[in-house]
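Structure data (compact mmCIF, C-alpha atoms) from model16.txt:
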```txt
# COMPACT_ATOMS: atom_id res chain seq x y z
CA MET A 1 -44.87 56.26 174.19
CA THR A 2 -46.99 53.97 172.03
CA THR A 3 -47.13 53.87 168.27
CA GLU A 4 -50.39 53.16 166.51
CA PHE A 5 -50.18 50.10 164.26
CA LYS A 6 -50.76 50.78 160.59
CA GLU A 7 -51.27 48.24 157.85
CA PRO A 8 -48.35 48.16 155.40
CA GLU A 9 -48.89 50.05 152.18
CA VAL A 10 -49.33 47.77 149.20
CA SER A 11 -48.28 48.62 145.70
CA HIS A 12 -48.92 45.42 143.75
CA VAL A 13 -50.65 42.07 143.95
CA GLY A 14 -47.71 40.28 145.52
CA ASP A 15 -47.86 42.51 148.59
CA ARG A 16 -51.42 41.37 149.25
CA LEU A 17 -50.89 37.64 148.83
CA ILE A 18 -51.22 34.87 151.34
CA SER A 19 -50.14 31.32 150.56
CA ILE A 20 -53.02 29.61 148.74
CA GLY A 21 -52.67 25.98 147.73
CA GLY A 22 -55.90 25.57 145.78
CA ILE A 23 -59.34 26.88 144.91
CA GLN A 24 -62.76 25.21 144.86
CA ALA A 25 -64.53 27.22 142.20
CA LEU A 26 -68.08 26.81 143.48
CA THR A 27 -69.83 25.96 146.74
CA THR A 28 -73.33 26.50 148.07
CA ILE A 29 -72.75 25.01 151.55
CA ASP A 30 -69.58 26.62 152.96
CA PHE A 31 -71.02 30.15 153.16
CA PRO A 32 -74.71 29.95 154.11
CA GLY A 33 -77.02 31.85 151.79
CA ARG A 34 -74.28 32.68 149.31
CA ILE A 35 -72.84 31.23 146.14
CA ALA A 36 -69.14 31.21 146.83
CA ALA A 37 -65.69 29.87 146.03
CA VAL A 38 -63.25 28.43 148.57
CA PHE A 39 -59.59 29.47 148.81
CA PHE A 40 -57.49 26.91 150.69
CA THR A 41 -54.59 28.50 152.53
CA LYS A 42 -51.41 26.64 153.39
CA GLY A 43 -49.97 26.15 156.86
CA CYS A 44 -51.41 24.63 160.03
CA PRO A 45 -49.52 23.67 163.23
CA TRP A 46 -51.96 20.96 164.25
CA LYS A 47 -51.85 17.24 163.42
CA CYS A 48 -55.47 16.14 163.62
CA ARG A 49 -55.84 12.50 162.60
CA TYR A 50 -58.97 13.14 160.52
CA CYS A 51 -57.57 16.11 158.58
CA HIS A 52 -58.67 15.77 154.95
CA ASN A 53 -56.21 18.41 153.65
CA PRO A 54 -52.92 17.19 155.16
CA GLU A 55 -50.96 18.45 152.14
CA LEU A 56 -51.82 22.00 153.24
CA ARG A 57 -50.18 21.75 156.65
CA VAL A 58 -46.83 23.10 155.42
CA ASN A 59 -46.74 26.85 154.78
CA GLY A 60 -44.64 28.41 152.03
CA SER A 61 -44.64 29.47 148.43
CA ASP A 62 -43.95 26.05 146.89
CA GLY A 63 -47.10 24.92 145.12
CA SER A 64 -48.95 28.14 145.92
CA LEU A 65 -51.09 29.85 143.32
CA SER A 66 -49.67 32.95 141.69
CA GLY A 67 -50.98 36.43 142.33
CA GLU A 68 -52.00 36.72 138.71
CA HIS A 69 -54.06 33.54 138.93
CA ILE A 70 -55.86 34.70 142.07
CA GLU A 71 -56.50 38.20 140.74
CA ARG A 72 -57.87 36.82 137.46
CA PHE A 73 -60.16 34.45 139.35
CA LEU A 74 -61.53 37.22 141.55
CA SER A 75 -61.99 39.60 138.63
CA ASP A 76 -63.63 37.10 136.28
CA ARG A 77 -66.22 35.94 138.84
CA ALA A 78 -67.12 39.30 140.34
CA GLY A 79 -70.87 39.75 139.97
CA PHE A 80 -71.48 36.00 139.68
CA LEU A 81 -70.17 34.79 143.04
CA ASP A 82 -71.49 36.36 146.22
CA GLY A 83 -68.58 35.47 148.43
CA ILE A 84 -65.16 33.99 148.99
CA VAL A 85 -64.50 31.44 151.73
CA ILE A 86 -60.99 31.41 153.19
CA SER A 87 -60.32 27.92 154.52
CA GLY A 88 -57.22 25.82 154.98
CA GLY A 89 -54.89 24.80 156.35
CA GLU A 90 -55.48 27.55 158.87
CA PRO A 91 -56.19 31.02 157.42
CA THR A 92 -55.34 32.94 160.59
CA TYR A 93 -51.81 31.48 160.37
CA GLN A 94 -51.22 33.92 157.49
CA LYS A 95 -49.66 37.22 158.61
CA LYS A 96 -50.98 39.12 155.59
CA LEU A 97 -54.54 37.90 156.06
CA PRO A 98 -56.03 41.36 156.88
CA VAL A 99 -54.52 42.94 153.78
CA PHE A 100 -55.63 40.02 151.64
CA LEU A 101 -59.22 40.12 152.93
CA GLU A 102 -59.44 43.84 152.31
CA TRP A 103 -58.24 43.25 148.74
CA VAL A 104 -60.80 40.48 148.17
CA ARG A 105 -63.61 42.66 149.50
CA GLY A 106 -62.53 45.36 147.07
CA PHE A 107 -63.84 43.16 144.24
CA GLY A 108 -67.30 43.26 145.82
CA TYR A 109 -67.23 39.91 147.62
CA GLU A 110 -68.45 39.04 151.07
CA VAL A 111 -65.96 36.97 153.04
CA ALA A 112 -66.25 33.88 155.24
CA VAL A 113 -63.34 32.51 157.27
CA HIS A 114 -63.11 28.89 158.40
CA THR A 115 -60.78 28.54 161.36
CA ASN A 116 -59.63 26.16 164.08
CA GLY A 117 -59.33 29.07 166.51
CA PHE A 118 -55.66 28.63 167.37
CA PHE A 119 -54.68 32.24 166.60
CA PRO A 120 -57.19 34.39 168.51
CA SER A 121 -55.23 37.63 168.09
CA MET A 122 -55.51 37.44 164.30
CA LEU A 123 -59.16 36.41 164.53
CA ARG A 124 -59.90 39.39 166.77
CA ARG A 125 -58.03 41.70 164.40
CA ILE A 126 -59.89 40.77 161.22
CA LEU A 127 -63.25 40.86 163.00
CA ALA A 128 -62.55 44.26 164.57
CA LYS A 129 -61.63 45.66 161.16
CA GLY A 130 -64.93 44.47 159.67
CA LEU A 131 -63.24 42.20 157.13
CA VAL A 132 -65.34 39.10 157.79
CA ASP A 133 -69.06 38.45 157.24
CA TYR A 134 -69.21 34.87 158.52
CA VAL A 135 -67.01 32.70 160.75
CA ALA A 136 -67.12 28.90 160.79
CA MET A 137 -65.04 27.54 163.65
CA ASP A 138 -64.15 23.93 164.35
CA VAL A 139 -64.51 22.94 167.99
CA LYS A 140 -62.81 19.61 168.01
CA ALA A 141 -63.23 18.32 171.56
CA PRO A 142 -63.85 19.25 175.19
CA PRO A 143 -60.88 21.03 176.82
CA ARG A 144 -59.45 17.90 178.45
CA ALA A 145 -59.21 16.08 175.10
CA TYR A 146 -57.97 18.89 172.86
CA ASP A 147 -54.27 18.08 173.01
CA ARG A 148 -54.96 14.46 172.12
CA VAL A 149 -56.98 15.47 169.04
CA THR A 150 -54.74 18.31 167.77
CA GLY A 151 -51.33 16.88 168.68
CA MET A 152 -50.33 20.17 170.33
CA GLU A 153 -50.03 21.04 174.01
CA ASN A 154 -52.43 23.55 175.57
CA SER A 155 -54.28 24.07 172.29
CA CYS A 156 -57.59 24.47 174.13
CA ILE A 157 -56.47 27.75 175.74
CA ALA A 158 -56.31 29.66 172.46
CA VAL A 159 -59.50 27.97 171.25
CA ALA A 160 -61.43 29.09 174.33
CA ARG A 161 -60.36 32.67 173.65
CA SER A 162 -61.41 32.41 170.01
CA ILE A 163 -64.83 31.01 170.89
CA LYS A 164 -65.44 34.02 173.13
CA ILE A 165 -64.23 36.43 170.43
CA VAL A 166 -66.56 34.90 167.84
CA VAL A 167 -69.63 34.85 170.09
CA GLU A 168 -69.12 38.47 171.14
CA SER A 169 -68.17 39.79 167.69
CA GLY A 170 -71.67 40.43 166.38
CA VAL A 171 -70.70 38.62 163.16
CA ASP A 172 -72.78 35.66 161.97
CA TYR A 173 -71.09 32.37 162.86
CA GLU A 174 -71.26 28.64 163.31
CA PHE A 175 -69.40 26.13 165.44
CA ARG A 176 -69.03 22.55 164.25
CA THR A 177 -67.54 19.27 165.44
CA THR A 178 -66.49 16.33 163.28
CA TYR A 179 -67.35 13.03 164.93
CA HIS A 180 -65.58 9.71 164.71
CA PRO A 181 -65.79 7.22 167.62
CA ASP A 182 -62.02 6.58 167.41
CA ILE A 183 -61.44 10.30 168.03
CA LEU A 184 -64.15 11.24 170.53
CA SER A 185 -66.23 9.20 172.91
CA GLU A 186 -69.93 9.98 173.21
CA GLU A 187 -69.31 11.57 176.61
CA GLU A 188 -66.58 13.77 175.16
CA LEU A 189 -68.93 14.85 172.40
CA TYR A 190 -71.55 15.72 175.02
CA ASP A 191 -68.95 17.75 176.92
CA THR A 192 -68.00 19.59 173.74
CA MET A 193 -71.59 20.67 173.29
CA ARG A 194 -71.90 21.62 176.96
CA ALA A 195 -68.87 23.91 176.63
CA LEU A 196 -70.54 25.74 173.74
CA VAL A 197 -73.87 25.95 175.55
CA SER A 198 -72.05 27.59 178.49
CA VAL A 199 -71.03 30.53 176.24
CA ARG A 200 -74.52 30.72 174.70
CA ALA A 201 -73.49 29.65 171.22
CA LYS A 202 -76.47 29.76 168.87
CA ARG A 203 -75.51 27.75 165.75
CA TYR A 204 -73.90 24.33 165.88
CA TYR A 205 -73.35 21.51 163.42
CA LEU A 206 -72.26 17.92 163.91
CA GLN A 207 -70.27 16.71 160.93
CA ARG A 208 -70.04 13.10 159.85
CA PHE A 209 -66.49 11.89 159.33
CA ARG A 210 -65.57 11.17 155.72
CA PRO A 211 -62.36 9.35 154.79
CA GLN A 212 -61.47 11.23 151.58
CA GLY A 213 -57.92 12.60 151.77
CA VAL A 214 -57.25 11.33 155.29
CA GLU A 215 -53.68 10.05 155.81
CA ASP A 216 -54.40 8.03 158.96
CA LYS A 217 -54.77 4.47 157.67
CA ILE A 218 -57.12 3.32 160.42
CA LEU A 219 -59.50 6.22 159.91
CA ALA A 220 -59.18 6.08 156.14
CA ALA A 221 -60.41 2.49 156.32
CA SER A 222 -63.74 3.80 157.62
CA ARG A 223 -65.32 3.57 154.20
CA ASP A 224 -68.87 3.95 155.40
CA ILE A 225 -70.13 7.30 156.65
CA VAL A 226 -69.87 7.29 160.44
CA THR A 227 -73.28 7.53 162.10
CA ILE A 228 -73.72 10.09 164.86
CA PRO A 229 -75.65 8.54 167.79
CA GLU A 230 -79.32 9.49 167.80
CA ASN A 231 -79.30 10.41 171.48
CA ILE A 232 -76.60 13.02 170.84
CA VAL A 233 -78.46 14.43 167.85
CA ALA A 234 -81.62 14.73 169.94
CA GLU A 235 -79.76 16.47 172.76
CA ALA A 236 -78.03 18.91 170.41
CA GLY A 237 -81.37 19.82 168.90
CA LYS A 238 -82.53 20.94 172.33
CA CYS A 239 -79.37 22.88 173.18
CA PHE A 240 -78.90 25.16 170.19
CA GLU A 241 -81.13 27.63 168.42
CA TYR A 242 -79.83 26.35 165.06
CA PHE A 243 -78.59 22.78 164.73
CA ALA A 244 -78.15 20.23 161.96
CA VAL A 245 -76.11 17.17 161.03
CA ARG A 246 -73.92 17.39 157.97
```

Render the structure in this file as structure tokens.
Amino acid sequence: MTTEFKEPEVSHVGDRLISIGGIQALTTIDFPGRIAAVFFTKGCPWKCRYCHNPELRVNGSDGSLSGEHIERFLSDRAGFLDGIVISGGEPTYQKKLPVFLEWVRGFGYEVAVHTNGFFPSMLRRILAKGLVDYVAMDVKAPPRAYDRVTGMENSCIAVARSIKIVVESGVDYEFRTTYHPDILSEEELYDTMRALVSVRAKRYYLQRFRPQGVEDKILAASRDIVTIPENIVAEAGKCFEYFAVR
């Protein structure tokens, strides 16, 4: 005998909350075509060297914004902002994410989720429930290099599942890779793009590394914006229907 899963009933703001460490009040680039705010969730199991929000890796209530603060923000900006971006940390690490997204949408917002793809079951769940309007997923490396970049064994397995879920979801999406030559070789960057081409991904961005907030001293010393090789940019432009460098 199987029992159908039901979302828990919620009676007050606290029951809807996920752990949010900060808010960017305005963005025009994180949710294409929308004026939005970004909520930064806490908690991420990965240890990427170029992470620019390392303080958000630890989950928990310490330093998290109160329910009253979040509710006031959502209420005050309803009608001005088009959407809310849930970033991190890693949003799909939050067990109450579906309830929270449903609550946010109740204020009239569209929702974008930025994810590393490590929790495909949660990603599938929020997409199946129609709680997400846009997904931005980091694809950090080709499969053989994923563990080196993320600091976690077999991380590429979950990511491969998430890529498939996103592509087949029918929801608008983007994949993006941050490039630094100390993290990925040019050949590894090529292989990353080839993996996405093989699943017929349509939108892809290459992101220049920026040192702000990065704990790794060697990478943080890269004061100048890292240049993405022109041959890779040219190849990416041929491979994807939508491509740009950020």

Within 10 Å of Arg57 in chain A using only C-alpha atoms, minus same-chain residues under 5 positions, as number ranges by chain: A: 41-47, 51, 88-90

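Counting from CA of Val167 in chain A, the distance to CA of Cys239 in chain A is 15.7 Å.
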
Here CA of Val226 in chain A and CA of Thr27 in chain A stand apart by 23.2 Å

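CA of Ala78 in chain A to CA of Tyr109 in chain A spans 7.3 Å [interatomic distance, one decimal].
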
Just want the 10 Å neighbourhood of Gly108 in chain A, counted on only C-alpha atoms, with same-chain residues fewer than 6 positions away dropped. Output as a ChimeraX atom specification. /A:74-75,78-79,81-83

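Minimum atom-to-atom distances from A:Asp147, A:Glu153, A:Glu230, A:Asp172 to Glu186 in chain A were compared using only C-alpha atoms, and the lowest value belongs to A:Glu230.
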
Please supply range 181-201 of chain A, rebuilt with N, CA and C atoms, as a compact mmCIF listing (two decimals), keeping the file's coordinate frame.
```txt
# COMPACT_ATOMS: atom_id res chain seq x y z
N PRO A 181 -65.91 7.85 166.30
CA PRO A 181 -65.79 7.22 167.62
C PRO A 181 -64.35 6.90 168.03
N ASP A 182 -63.42 6.79 167.06
CA ASP A 182 -62.02 6.58 167.41
C ASP A 182 -61.35 7.87 167.87
N ILE A 183 -61.99 9.00 167.65
CA ILE A 183 -61.44 10.30 168.03
C ILE A 183 -62.08 10.81 169.32
N LEU A 184 -63.41 10.75 169.38
CA LEU A 184 -64.15 11.24 170.53
C LEU A 184 -65.11 10.17 171.03
N SER A 185 -65.19 10.04 172.34
CA SER A 185 -66.23 9.20 172.91
C SER A 185 -67.54 9.98 172.91
N GLU A 186 -68.65 9.29 173.14
CA GLU A 186 -69.93 9.98 173.21
C GLU A 186 -69.93 11.00 174.35
N GLU A 187 -69.34 10.64 175.48
CA GLU A 187 -69.31 11.57 176.61
C GLU A 187 -68.49 12.81 176.28
N GLU A 188 -67.39 12.62 175.56
CA GLU A 188 -66.58 13.77 175.16
C GLU A 188 -67.33 14.66 174.17
N LEU A 189 -68.12 14.06 173.32
CA LEU A 189 -68.93 14.85 172.40
C LEU A 189 -69.99 15.64 173.16
N TYR A 190 -70.61 15.01 174.15
CA TYR A 190 -71.55 15.72 175.02
C TYR A 190 -70.86 16.91 175.69
N ASP A 191 -69.67 16.68 176.21
CA ASP A 191 -68.95 17.75 176.92
C ASP A 191 -68.55 18.88 175.98
N THR A 192 -68.28 18.55 174.73
CA THR A 192 -68.00 19.59 173.74
C THR A 192 -69.21 20.49 173.56
N MET A 193 -70.36 19.89 173.44
CA MET A 193 -71.59 20.67 173.29
C MET A 193 -71.88 21.49 174.54
N ARG A 194 -71.65 20.90 175.71
CA ARG A 194 -71.90 21.62 176.96
C ARG A 194 -71.02 22.86 177.06
N ALA A 195 -69.77 22.75 176.60
CA ALA A 195 -68.87 23.91 176.63
C ALA A 195 -69.40 25.04 175.77
N LEU A 196 -69.99 24.72 174.63
CA LEU A 196 -70.54 25.74 173.74
C LEU A 196 -71.85 26.31 174.29
N VAL A 197 -72.64 25.46 174.91
CA VAL A 197 -73.87 25.95 175.55
C VAL A 197 -73.53 26.95 176.65
N SER A 198 -72.43 26.72 177.37
CA SER A 198 -72.05 27.59 178.49
C SER A 198 -71.70 29.01 178.04
N VAL A 199 -71.32 29.19 176.76
CA VAL A 199 -71.03 30.53 176.24
C VAL A 199 -72.18 31.04 175.37
N ARG A 200 -73.30 30.32 175.40
CA ARG A 200 -74.52 30.72 174.70
C ARG A 200 -74.34 30.75 173.17
N ALA A 201 -73.62 29.79 172.67
CA ALA A 201 -73.49 29.65 171.22
C ALA A 201 -74.85 29.33 170.62
```
